[in-house]
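Listing of my_file.cif; format and content: mmCIF, C-alpha atoms.
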```
data_start
loop_
_atom_site.group_PDB
_atom_site.id
_atom_site.type_symbol
_atom_site.label_atom_id
_atom_site.label_comp_id
_atom_site.auth_asym_id
_atom_site.auth_seq_id
_atom_site.Cartn_x
_atom_site.Cartn_y
_atom_site.Cartn_z
ATOM 1 C CA MET A 133 76.821 110.537 99.253
ATOM 2 C CA SER A 134 79.786 108.253 98.693
ATOM 3 C CA ILE A 135 81.239 104.925 99.801
ATOM 4 C CA VAL A 136 85.004 104.850 100.401
ATOM 5 C CA THR A 137 86.468 101.411 101.069
ATOM 6 C CA PHE A 138 89.879 100.878 102.677
ATOM 7 C CA TRP A 139 91.485 97.772 101.195
ATOM 8 C CA ASN A 140 94.741 95.845 101.375
ATOM 9 C CA ASN A 141 95.779 92.422 100.129
ATOM 10 C CA GLY A 142 95.323 90.939 103.617
ATOM 11 C CA LYS A 143 98.789 89.393 103.756
ATOM 12 C CA GLU A 144 100.698 92.004 105.732
ATOM 13 C CA GLN A 145 100.326 94.871 108.168
ATOM 14 C CA THR A 146 99.825 98.137 106.301
ATOM 15 C CA GLY A 147 98.290 100.252 109.060
ATOM 16 C CA LYS A 148 94.976 100.226 107.155
ATOM 17 C CA THR A 149 92.651 100.446 110.155
ATOM 18 C CA LEU A 150 94.662 103.100 111.979
ATOM 19 C CA SER A 151 94.959 105.130 108.786
ATOM 20 C CA LEU A 152 91.177 105.005 108.517
ATOM 21 C CA ALA A 153 90.875 106.177 112.142
ATOM 22 C CA ALA A 154 93.052 109.219 111.447
ATOM 23 C CA ILE A 155 91.289 110.089 108.200
ATOM 24 C CA CYS A 156 87.735 109.834 109.525
ATOM 25 C CA THR A 157 88.634 111.903 112.606
ATOM 26 C CA HIS A 158 90.207 114.677 110.536
ATOM 27 C CA LEU A 159 87.238 114.620 108.159
ATOM 28 C CA ALA A 160 84.779 114.955 111.029
ATOM 29 C CA ILE A 161 86.636 117.866 112.615
ATOM 30 C CA GLU A 162 87.502 119.855 109.507
ATOM 31 C CA HIS A 163 84.586 119.164 107.136
ATOM 32 C CA ASN A 164 80.826 119.392 107.372
ATOM 33 C CA TYR A 165 80.051 115.760 106.531
ATOM 34 C CA ARG A 166 77.959 113.206 108.336
ATOM 35 C CA ILE A 167 80.215 110.148 108.369
ATOM 36 C CA LEU A 168 79.634 106.489 109.186
ATOM 37 C CA VAL A 169 82.588 104.138 109.614
ATOM 38 C CA ILE A 170 81.855 100.418 109.280
ATOM 39 C CA SER A 171 84.250 97.797 110.611
ATOM 40 C CA THR A 172 83.613 94.507 108.771
ATOM 41 C CA GLY A 173 85.979 92.366 110.845
ATOM 42 C CA TYR A 174 85.404 89.730 113.498
ATOM 43 C CA GLN A 175 86.677 90.533 117.006
ATOM 44 C CA ASP A 176 89.141 93.047 115.552
ATOM 45 C CA GLU A 177 89.187 95.814 118.148
ATOM 46 C CA ASN A 178 91.871 98.004 116.531
ATOM 47 C CA LEU A 179 89.336 100.572 115.335
ATOM 48 C CA ASP A 180 87.235 100.386 118.506
ATOM 49 C CA ASN A 181 90.298 101.005 120.685
ATOM 50 C CA CYS A 182 90.945 104.308 118.918
ATOM 51 C CA PHE A 183 87.684 105.812 120.151
ATOM 52 C CA TRP A 184 86.307 104.128 123.277
ATOM 53 C CA GLU A 185 87.430 101.946 126.182
ATOM 54 C CA GLN A 186 86.299 98.347 125.840
ATOM 55 C CA LYS A 187 85.463 97.984 129.555
ATOM 56 C CA LYS A 188 82.773 100.637 129.230
ATOM 57 C CA VAL A 189 80.745 99.295 126.336
ATOM 58 C CA LYS A 190 77.479 100.411 127.941
ATOM 59 C CA LYS A 191 78.571 104.024 127.908
ATOM 60 C CA ASN A 192 79.388 105.918 124.760
ATOM 61 C CA LEU A 193 82.412 108.162 125.237
ATOM 62 C CA GLY A 194 81.487 110.534 122.413
ATOM 63 C CA LEU A 195 82.785 114.040 122.914
ATOM 64 C CA PHE A 196 79.379 115.577 122.324
ATOM 65 C CA GLY A 197 77.207 113.519 124.613
ATOM 66 C CA PRO A 198 76.308 109.869 125.241
ATOM 67 C CA ASN A 199 74.091 107.713 123.097
ATOM 68 C CA THR A 200 72.142 105.687 125.627
ATOM 69 C CA ASN A 201 70.090 103.691 123.142
ATOM 70 C CA ILE A 202 70.318 100.035 124.203
ATOM 71 C CA ALA A 203 70.232 98.911 120.585
ATOM 72 C CA MET A 204 73.652 100.398 119.917
ATOM 73 C CA GLN A 205 75.249 97.624 121.994
ATOM 74 C CA GLU A 206 74.184 95.118 119.360
ATOM 75 C CA GLY A 207 75.822 96.885 116.416
ATOM 76 C CA ILE A 208 75.802 94.920 113.184
ATOM 77 C CA ALA A 209 73.975 91.987 114.810
ATOM 78 C CA GLY A 210 71.077 94.265 115.742
ATOM 79 C CA LEU A 211 70.943 95.727 112.244
ATOM 80 C CA VAL A 212 70.822 92.294 110.636
ATOM 81 C CA LYS A 213 67.915 91.281 112.894
ATOM 82 C CA ILE A 214 66.001 94.372 111.823
ATOM 83 C CA MET A 215 66.899 93.720 108.184
ATOM 84 C CA LYS A 216 65.604 90.153 108.344
ATOM 85 C CA SER A 217 62.285 91.490 109.595
ATOM 86 C CA ASN A 218 62.163 93.938 106.633
ATOM 87 C CA LYS A 219 62.061 96.930 108.965
ATOM 88 C CA LEU A 220 65.489 98.429 108.307
ATOM 89 C CA SER A 221 65.586 101.965 106.938
ATOM 90 C CA PRO A 222 68.616 104.278 106.519
ATOM 91 C CA ASP A 223 67.738 106.485 109.509
ATOM 92 C CA ILE A 224 67.506 103.476 111.860
ATOM 93 C CA ILE A 225 71.182 102.643 111.362
ATOM 94 C CA THR A 226 72.298 105.478 113.636
ATOM 95 C CA ASN A 227 70.569 103.765 116.597
ATOM 96 C CA TYR A 228 73.097 100.940 116.363
ATOM 97 C CA THR A 229 76.279 102.994 116.146
ATOM 98 C CA LYS A 230 78.743 104.562 118.544
ATOM 99 C CA ILE A 231 78.629 108.355 118.353
ATOM 100 C CA ILE A 232 82.063 109.995 118.361
ATOM 101 C CA PHE A 233 81.105 113.510 117.187
ATOM 102 C CA LYS A 234 77.381 114.199 117.218
ATOM 103 C CA ASP A 235 75.996 114.618 113.689
ATOM 104 C CA ARG A 236 79.523 114.216 112.303
ATOM 105 C CA LEU A 237 81.096 110.835 113.063
ATOM 106 C CA GLU A 238 79.554 107.478 113.989
ATOM 107 C CA ILE A 239 81.089 104.010 114.043
ATOM 108 C CA LEU A 240 79.486 100.620 113.541
ATOM 109 C CA PRO A 241 81.847 98.472 115.642
ATOM 110 C CA THR A 242 83.411 95.137 114.852
ATOM 111 C CA PHE A 243 81.316 92.035 115.560
ATOM 112 C CA LYS A 244 82.316 90.287 118.783
ATOM 113 C CA GLY A 245 79.774 87.473 119.077
ATOM 114 C CA ASN A 246 79.694 83.831 118.057
ATOM 115 C CA PRO A 247 81.868 82.964 115.011
ATOM 116 C CA ASN A 248 79.027 80.965 113.457
ATOM 117 C CA GLU A 249 76.786 84.027 113.744
ATOM 118 C CA TYR A 250 79.472 86.137 112.045
ATOM 119 C CA ASN A 251 79.524 83.688 109.148
ATOM 120 C CA ASP A 252 75.857 84.508 108.608
ATOM 121 C CA ILE A 253 76.077 88.231 109.353
ATOM 122 C CA ARG A 254 78.986 89.152 107.068
ATOM 123 C CA ARG A 255 76.988 88.499 103.878
ATOM 124 C CA TYR A 256 74.684 91.380 104.846
ATOM 125 C CA TYR A 257 77.439 94.013 104.874
ATOM 126 C CA PRO A 258 77.011 95.085 101.214
ATOM 127 C CA GLU A 259 73.279 95.735 101.683
ATOM 128 C CA ILE A 260 73.802 97.643 104.934
ATOM 129 C CA ILE A 261 76.598 99.736 103.378
ATOM 130 C CA ASN A 262 74.442 100.632 100.384
ATOM 131 C CA LEU A 263 71.511 101.506 102.627
ATOM 132 C CA ALA A 264 73.708 103.684 104.865
ATOM 133 C CA ASN A 265 74.869 105.526 101.769
ATOM 134 C CA ASN A 266 71.330 106.907 101.444
ATOM 135 C CA TYR A 267 71.571 108.572 104.872
ATOM 136 C CA TYR A 268 75.215 109.548 105.457
ATOM 137 C CA ASP A 269 77.363 111.869 103.364
ATOM 138 C CA LEU A 270 80.294 109.469 103.581
ATOM 139 C CA VAL A 271 80.397 105.767 104.416
ATOM 140 C CA LEU A 272 83.958 104.622 105.148
ATOM 141 C CA VAL A 273 84.431 100.851 105.130
ATOM 142 C CA ASP A 274 87.271 98.954 106.786
ATOM 143 C CA LEU A 275 87.294 95.900 104.500
ATOM 144 C CA ASP A 276 88.387 92.795 106.387
ATOM 145 C CA LYS A 277 90.195 89.813 104.879
ATOM 146 C CA GLN A 278 87.732 87.453 106.641
ATOM 147 C CA LEU A 279 84.920 88.457 104.302
ATOM 148 C CA GLN A 280 84.122 85.986 101.559
ATOM 149 C CA ASP A 281 85.568 86.929 98.179
ATOM 150 C CA ASP A 282 82.140 87.531 96.656
ATOM 151 C CA VAL A 283 81.096 89.797 99.550
ATOM 152 C CA ALA A 284 84.338 91.786 99.384
ATOM 153 C CA GLU A 285 84.058 92.106 95.595
ATOM 154 C CA ASN A 286 80.479 93.332 95.942
ATOM 155 C CA ILE A 287 81.554 96.043 98.389
ATOM 156 C CA LEU A 288 84.486 97.115 96.201
ATOM 157 C CA THR A 289 82.335 97.224 93.067
ATOM 158 C CA ASN A 290 79.737 99.432 94.761
ATOM 159 C CA SER A 291 82.346 101.756 96.270
ATOM 160 C CA ASN A 292 82.833 105.207 94.822
ATOM 161 C CA LEU A 293 86.486 105.131 95.835
ATOM 162 C CA ILE A 294 88.938 102.442 96.960
ATOM 163 C CA VAL A 295 91.848 103.423 99.184
ATOM 164 C CA ALA A 296 94.472 100.748 98.537
ATOM 165 C CA ASN A 297 96.747 100.512 101.570
ATOM 166 C CA LEU A 298 100.372 99.481 101.059
ATOM 167 C CA SER A 299 103.366 99.248 103.313
ATOM 168 C CA GLN A 300 106.605 101.051 102.489
ATOM 169 C CA ARG A 301 108.329 97.829 101.465
ATOM 170 C CA LEU A 302 109.386 96.988 97.930
ATOM 171 C CA THR A 303 107.795 93.529 98.200
ATOM 172 C CA SER A 304 104.472 95.114 99.201
ATOM 173 C CA ILE A 305 104.623 97.525 96.284
ATOM 174 C CA ASN A 306 105.534 94.785 93.806
ATOM 175 C CA THR A 307 102.767 92.515 95.114
ATOM 176 C CA PHE A 308 100.190 95.254 94.636
ATOM 177 C CA MET A 309 101.428 95.959 91.114
ATOM 178 C CA GLU A 310 100.922 92.273 90.284
ATOM 179 C CA ILE A 311 97.424 92.218 91.837
ATOM 180 C CA ARG A 312 96.223 95.277 89.970
ATOM 181 C CA GLU A 313 97.229 93.723 86.641
ATOM 182 C CA GLU A 314 94.631 91.060 87.392
ATOM 183 C CA GLN A 315 92.011 93.453 88.793
ATOM 184 C CA PRO A 316 91.294 96.394 86.454
ATOM 185 C CA MET A 317 89.361 98.162 89.211
ATOM 186 C CA LEU A 318 92.636 98.744 91.066
ATOM 187 C CA LYS A 319 94.170 100.359 87.967
ATOM 188 C CA SER A 320 91.376 102.883 87.505
ATOM 189 C CA LYS A 321 90.901 106.421 88.860
ATOM 190 C CA LYS A 322 88.577 104.802 91.369
ATOM 191 C CA THR A 323 91.626 103.628 93.353
ATOM 192 C CA LEU A 324 93.787 105.916 95.486
ATOM 193 C CA LEU A 325 97.103 104.633 96.880
ATOM 194 C CA LEU A 326 97.980 105.161 100.545
ATOM 195 C CA ILE A 327 101.250 104.237 102.273
ATOM 196 C CA GLY A 328 100.684 103.534 105.973
ATOM 197 C CA ARG A 329 103.268 103.946 108.753
ATOM 198 C CA TYR A 330 105.190 106.140 106.315
ATOM 199 C CA ASP A 331 108.828 107.150 106.964
ATOM 200 C CA LYS A 332 109.852 110.164 104.882
ATOM 201 C CA PHE A 333 113.537 109.316 105.335
ATOM 202 C CA SER A 334 113.188 105.940 103.625
ATOM 203 C CA LYS A 335 114.668 105.323 100.191
ATOM 204 C CA TYR A 336 111.125 104.428 99.152
ATOM 205 C CA ASN A 337 109.671 107.888 99.651
ATOM 206 C CA VAL A 338 106.564 109.251 97.921
ATOM 207 C CA LYS A 339 108.469 110.641 94.957
ATOM 208 C CA ASN A 340 110.379 107.425 94.284
ATOM 209 C CA ILE A 341 107.354 105.177 94.825
ATOM 210 C CA SER A 342 105.228 107.286 92.467
ATOM 211 C CA ARG A 343 107.943 107.108 89.801
ATOM 212 C CA TYR A 344 108.524 103.375 90.306
ATOM 213 C CA MET A 345 104.804 102.578 90.024
ATOM 214 C CA GLY A 346 104.209 104.943 87.130
ATOM 215 C CA GLU A 347 101.654 106.917 89.133
ATOM 216 C CA ARG A 348 100.753 110.272 87.608
ATOM 217 C CA ASN A 349 99.112 111.319 90.860
ATOM 218 C CA LYS A 350 101.199 111.601 93.995
ATOM 219 C CA VAL A 351 100.734 108.681 96.384
ATOM 220 C CA SER A 352 99.102 109.600 99.716
ATOM 221 C CA THR A 353 100.739 108.756 103.037
ATOM 222 C CA LEU A 354 99.926 108.313 106.709
ATOM 223 C CA PRO A 355 103.243 108.887 108.536
ATOM 224 C CA TYR A 356 104.239 106.993 111.640
ATOM 225 C CA ASN A 357 103.628 109.253 114.623
ATOM 226 C CA THR A 358 104.266 108.290 118.239
ATOM 227 C CA LEU A 359 101.479 110.405 119.732
ATOM 228 C CA PHE A 360 98.965 109.052 117.249
ATOM 229 C CA PHE A 361 99.833 105.398 117.766
ATOM 230 C CA GLU A 362 99.688 105.857 121.537
ATOM 231 C CA ALA A 363 96.294 107.558 121.208
ATOM 232 C CA CYS A 364 95.085 104.564 119.168
ATOM 233 C CA GLU A 365 95.752 102.332 122.167
ATOM 234 C CA GLU A 366 94.178 104.695 124.694
ATOM 235 C CA ALA A 367 90.863 105.626 122.990
ATOM 236 C CA LYS A 368 92.102 109.207 122.600
ATOM 237 C CA VAL A 369 92.307 109.768 118.839
ATOM 238 C CA PRO A 370 89.598 112.503 118.780
ATOM 239 C CA ASP A 371 91.267 114.332 121.676
ATOM 240 C CA LEU A 372 94.649 114.161 119.948
ATOM 241 C CA PHE A 373 93.370 115.675 116.697
ATOM 242 C CA LEU A 374 91.645 118.488 118.565
ATOM 243 C CA ARG A 375 94.948 119.259 120.314
ATOM 244 C CA LEU A 376 96.935 119.108 117.068
ATOM 245 C CA LYS A 377 94.754 121.852 115.586
ATOM 246 C CA LYS A 378 96.671 124.302 117.769
ATOM 247 C CA ILE A 379 100.239 123.370 116.815
ATOM 248 C CA GLY A 380 102.536 125.422 114.563
ATOM 249 C CA GLU A 381 104.528 124.394 111.499
ATOM 250 C CA ASP A 382 107.687 124.011 113.568
ATOM 251 C CA ASP A 383 106.100 121.383 115.821
ATOM 252 C CA ARG A 384 107.514 117.877 115.381
ATOM 253 C CA ASN A 385 103.983 116.557 114.769
ATOM 254 C CA SER A 386 103.157 119.008 111.986
ATOM 255 C CA PHE A 387 104.322 116.675 109.177
ATOM 256 C CA PHE A 388 101.932 113.968 110.382
ATOM 257 C CA LEU A 389 99.025 116.415 110.446
ATOM 258 C CA GLN A 390 99.940 117.872 107.035
ATOM 259 C CA GLU A 391 99.979 114.432 105.428
ATOM 260 C CA VAL A 392 96.663 113.425 106.997
ATOM 261 C CA LYS A 393 95.184 116.651 105.606
ATOM 262 C CA ARG A 394 96.721 115.995 102.177
ATOM 263 C CA THR A 395 95.279 112.488 102.139
ATOM 264 C CA VAL A 396 91.836 113.747 103.124
ATOM 265 C CA ASP A 397 92.032 116.451 100.437
ATOM 266 C CA ASN A 398 93.036 113.816 97.879
ATOM 267 C CA ILE A 399 90.041 111.660 98.817
ATOM 268 C CA ILE A 400 87.602 114.581 98.549
ATOM 269 C CA TYR A 401 89.119 115.774 95.258
ATOM 270 C CA ARG A 402 89.041 112.277 93.726
ATOM 271 C CA LEU A 403 85.421 111.746 94.757
ATOM 272 C CA GLU A 404 84.430 115.045 93.176
ATOM 273 C CA ASP A 405 86.426 114.252 90.039
ATOM 274 C CA LEU A 406 84.713 110.867 89.659
ATOM 275 C CA ARG A 407 81.194 112.295 89.916
#
```

Structure rendered as structure tokens:
Amino acid sequence: MSIVTFWNNGKEQTGKTLSLAAICTHLAIEHNYRILVISTGYQDENLDNCFWEQKKVKKNLGLFGPNTNIAMQEGIAGLVKIMKSNKLSPDIITNYTKIIFKDRLEILPTFKGNPNEYNDIRRYYPEIINLANNYYDLVLVDLDKQLQDDVAENILTNSNLIVANLSQRLTSINTFMEIREEQPMLKSKKTLLLIGRYDKFSKYNVKNISRYMGERNKVSTLPYNTLFFEACEEAKVPDLFLRLKKIGEDDRNSFFLQEVKRTVDNIIYRLEDLR
């Protein structure tokens, strides 16, 4: 049971949330893990839009059957209410999630209520994440910049692995190198580097970035892919990955799929190596 937190410095678009969507979907399809994804943001629907249509919040569009439990509509707010009454247990969490693949992939959506309520709720994320880790094989956390520094630090400290998301820009790479000099956690084996919206034809390709940053391990990537980014807007990411299972190596989308697989393999390998 492991916690994997997706992090960036919060100052630029790195494709962090969409990278997480691709990785958790591939994990659920190709590996026998029970996975929970937790979105810690406020009214950030980027992750939600990858998997279900917002106009149909009362109906779960999971591929393996609907979850009709009313409690799931409350998400994190419902969990916090249960926690405050000292009745929260790991197995109850699933009643408040959206089921994407039954017994494989569930998502605790972003909070969409009152901003003052979010200010209270967000401090409970570390406890909920740690509790979920006792029930799920993998807990993947989309760490939002709106979390207080102490809450974010708590989540990062308790994570088994941090996926540091960078853009393919020299300024982004240099900024991260400066940040990790101040935060030893980001220099350790506990941190895996991921370039989002990756363009293999850029001067700053994986080989050059790895050399420039002095990385002994090859940096992971999530390439830009038109079909994927369209699917992220249309709540069709699971359907897309099921279709991509059938493509050959000569298909124009094969590089995207290969890199998603390599990133997933890197995450699994690093988790096993850190145990």

Subject >> Nearest-residue call for Leu275 of chain A, choices A:Asp382, A:Asp397, A:Glu362, A:Asp176, using all atoms listed in the file >> reply: A:Asp176

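Across the structure, atom CA of Phe243 of chain A and atom CA of Asn286 of chain A are spaced 19.7 Å apart.
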
Original post:
Which residues match the PyMOL selection byres ((chain A and resi 392-396) around 10) in the file above, as a PyMOL selection string?
Top reply: chain A and resi 151+154-159+162-163+324-326+351-355+386-391+397-402

Subject >> Selection result of the PyMOL selection byres ((chain A and resi 169-174) around 8) on this file, as a list in words >> reply: Cys156, Ile167, Leu168, Gln175, Asp176, Leu179, Leu237, Glu238, Ile239, Leu240, Pro241, Thr242, Phe243, Lys244, Pro247, Tyr250, Arg254, Tyr257, Ile261, Val271, Leu272, Val273, Asp274, Leu275, Asp276, Lys277, Gln278 and Leu279 of chain A

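Our summary of the geometry notes that atom CA of Gly328 of chain A is positioned 5.1 Å from atom CA of Gly147 of chain A.
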
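For the pair atom CA of Asn292 of chain A and atom CA of Ile135 of chain A, the separation is 5.2 Å.
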
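Remark: for Asn164 of chain A, the closest of the candidate residues A:Phe183, A:Asn349, A:Lys234, A:Asn140 is A:Lys234 (distances computed over all atoms listed in the file).
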
**OP:** Using the chain letters and residue numbers of this document, give as number ranges by chain the residues selected by the PyMOL selection byres ((chain A and resi 210-214) around 9).
**Re:** A: 203-209, 215-220, 224-225, 228, 253, 256-257, 260

Subject >> Pro222 of chain A surroundings by only C-alpha atoms, 9 Å radius, close-in-sequence under 3 positions cut, as a PyMOL selection string >> reply: chain A and resi 225-226+260+263-268

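Take the candidates A:Asp371, A:Glu404, A:Glu366, A:Asp281 and check each one against Phe233 of chain A using all atoms listed in the file; the shortest distance goes to A:Asp371.
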
How would segment 291-309 of chain A read, as a PDB file, in the frame of the given file, once N, CA, C and O atoms are built in?
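Okay, this is what ended up in result_38.pdb:
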```
ATOM      1  N   SER A 291      81.668 100.613  95.660  1.00  0.00           N
ATOM      2  CA  SER A 291      82.346 101.756  96.270  1.00  0.00           C
ATOM      3  C   SER A 291      82.608 102.845  95.241  1.00  0.00           C
ATOM      4  O   SER A 291      82.915 102.567  94.085  1.00  0.00           O
ATOM      5  N   ASN A 292      82.486 104.082  95.691  1.00  0.00           N
ATOM      6  CA  ASN A 292      82.833 105.207  94.822  1.00  0.00           C
ATOM      7  C   ASN A 292      84.343 105.386  94.727  1.00  0.00           C
ATOM      8  O   ASN A 292      84.869 105.871  93.725  1.00  0.00           O
ATOM      9  N   LEU A 293      85.033 104.997  95.803  1.00  0.00           N
ATOM     10  CA  LEU A 293      86.486 105.131  95.835  1.00  0.00           C
ATOM     11  C   LEU A 293      87.073 104.006  96.676  1.00  0.00           C
ATOM     12  O   LEU A 293      86.517 103.630  97.708  1.00  0.00           O
ATOM     13  N   ILE A 294      88.210 103.469  96.213  1.00  0.00           N
ATOM     14  CA  ILE A 294      88.938 102.442  96.960  1.00  0.00           C
ATOM     15  C   ILE A 294      90.274 103.031  97.388  1.00  0.00           C
ATOM     16  O   ILE A 294      91.035 103.527  96.552  1.00  0.00           O
ATOM     17  N   VAL A 295      90.554 102.988  98.680  1.00  0.00           N
ATOM     18  CA  VAL A 295      91.848 103.423  99.184  1.00  0.00           C
ATOM     19  C   VAL A 295      92.681 102.164  99.391  1.00  0.00           C
ATOM     20  O   VAL A 295      92.447 101.393 100.330  1.00  0.00           O
ATOM     21  N   ALA A 296      93.627 101.937  98.485  1.00  0.00           N
ATOM     22  CA  ALA A 296      94.472 100.748  98.537  1.00  0.00           C
ATOM     23  C   ALA A 296      95.658 101.023  99.450  1.00  0.00           C
ATOM     24  O   ALA A 296      96.489 101.882  99.167  1.00  0.00           O
ATOM     25  N   ASN A 297      95.717 100.295 100.553  1.00  0.00           N
ATOM     26  CA  ASN A 297      96.747 100.512 101.570  1.00  0.00           C
ATOM     27  C   ASN A 297      97.940  99.603 101.347  1.00  0.00           C
ATOM     28  O   ASN A 297      97.806  98.375 101.258  1.00  0.00           O
ATOM     29  N   LEU A 298      99.124 100.212 101.262  1.00  0.00           N
ATOM     30  CA  LEU A 298     100.372  99.481 101.059  1.00  0.00           C
ATOM     31  C   LEU A 298     101.330  99.799 102.193  1.00  0.00           C
ATOM     32  O   LEU A 298     101.210 100.828 102.852  1.00  0.00           O
ATOM     33  N   SER A 299     102.285  98.921 102.397  1.00  0.00           N
ATOM     34  CA  SER A 299     103.366  99.248 103.313  1.00  0.00           C
ATOM     35  C   SER A 299     104.521  99.827 102.492  1.00  0.00           C
ATOM     36  O   SER A 299     104.526  99.742 101.264  1.00  0.00           O
ATOM     37  N   GLN A 300     105.495 100.376 103.176  1.00  0.00           N
ATOM     38  CA  GLN A 300     106.605 101.051 102.489  1.00  0.00           C
ATOM     39  C   GLN A 300     107.728 100.069 102.175  1.00  0.00           C
ATOM     40  O   GLN A 300     108.896 100.422 102.220  1.00  0.00           O
ATOM     41  N   ARG A 301     107.355  98.862 101.802  1.00  0.00           N
ATOM     42  CA  ARG A 301     108.329  97.829 101.465  1.00  0.00           C
ATOM     43  C   ARG A 301     108.229  97.525  99.983  1.00  0.00           C
ATOM     44  O   ARG A 301     107.137  97.494  99.410  1.00  0.00           O
ATOM     45  N   LEU A 302     109.365  97.266  99.359  1.00  0.00           N
ATOM     46  CA  LEU A 302     109.386  96.988  97.930  1.00  0.00           C
ATOM     47  C   LEU A 302     108.549  95.758  97.594  1.00  0.00           C
ATOM     48  O   LEU A 302     107.855  95.738  96.576  1.00  0.00           O
ATOM     49  N   THR A 303     108.588  94.737  98.458  1.00  0.00           N
ATOM     50  CA  THR A 303     107.795  93.529  98.200  1.00  0.00           C
ATOM     51  C   THR A 303     106.304  93.840  98.216  1.00  0.00           C
ATOM     52  O   THR A 303     105.532  93.294  97.421  1.00  0.00           O
ATOM     53  N   SER A 304     105.879  94.724  99.129  1.00  0.00           N
ATOM     54  CA  SER A 304     104.472  95.114  99.201  1.00  0.00           C
ATOM     55  C   SER A 304     104.059  95.852  97.932  1.00  0.00           C
ATOM     56  O   SER A 304     102.984  95.607  97.360  1.00  0.00           O
ATOM     57  N   ILE A 305     104.909  96.742  97.486  1.00  0.00           N
ATOM     58  CA  ILE A 305     104.623  97.525  96.284  1.00  0.00           C
ATOM     59  C   ILE A 305     104.558  96.616  95.054  1.00  0.00           C
ATOM     60  O   ILE A 305     103.653  96.719  94.221  1.00  0.00           O
ATOM     61  N   ASN A 306     105.525  95.702  94.951  1.00  0.00           N
ATOM     62  CA  ASN A 306     105.534  94.785  93.806  1.00  0.00           C
ATOM     63  C   ASN A 306     104.320  93.861  93.812  1.00  0.00           C
ATOM     64  O   ASN A 306     103.751  93.562  92.758  1.00  0.00           O
ATOM     65  N   THR A 307     103.938  93.389  95.008  1.00  0.00           N
ATOM     66  CA  THR A 307     102.767  92.515  95.114  1.00  0.00           C
ATOM     67  C   THR A 307     101.514  93.236  94.641  1.00  0.00           C
ATOM     68  O   THR A 307     100.694  92.679  93.905  1.00  0.00           O
ATOM     69  N   PHE A 308     101.365  94.492  95.062  1.00  0.00           N
ATOM     70  CA  PHE A 308     100.190  95.254  94.636  1.00  0.00           C
ATOM     71  C   PHE A 308     100.201  95.458  93.125  1.00  0.00           C
ATOM     72  O   PHE A 308      99.148  95.359  92.471  1.00  0.00           O
ATOM     73  N   MET A 309     101.348  95.745  92.561  1.00  0.00           N
ATOM     74  CA  MET A 309     101.428  95.959  91.114  1.00  0.00           C
ATOM     75  C   MET A 309     101.018  94.699  90.354  1.00  0.00           C
ATOM     76  O   MET A 309     100.396  94.778  89.286  1.00  0.00           O
TER      77      MET A 309
END
```
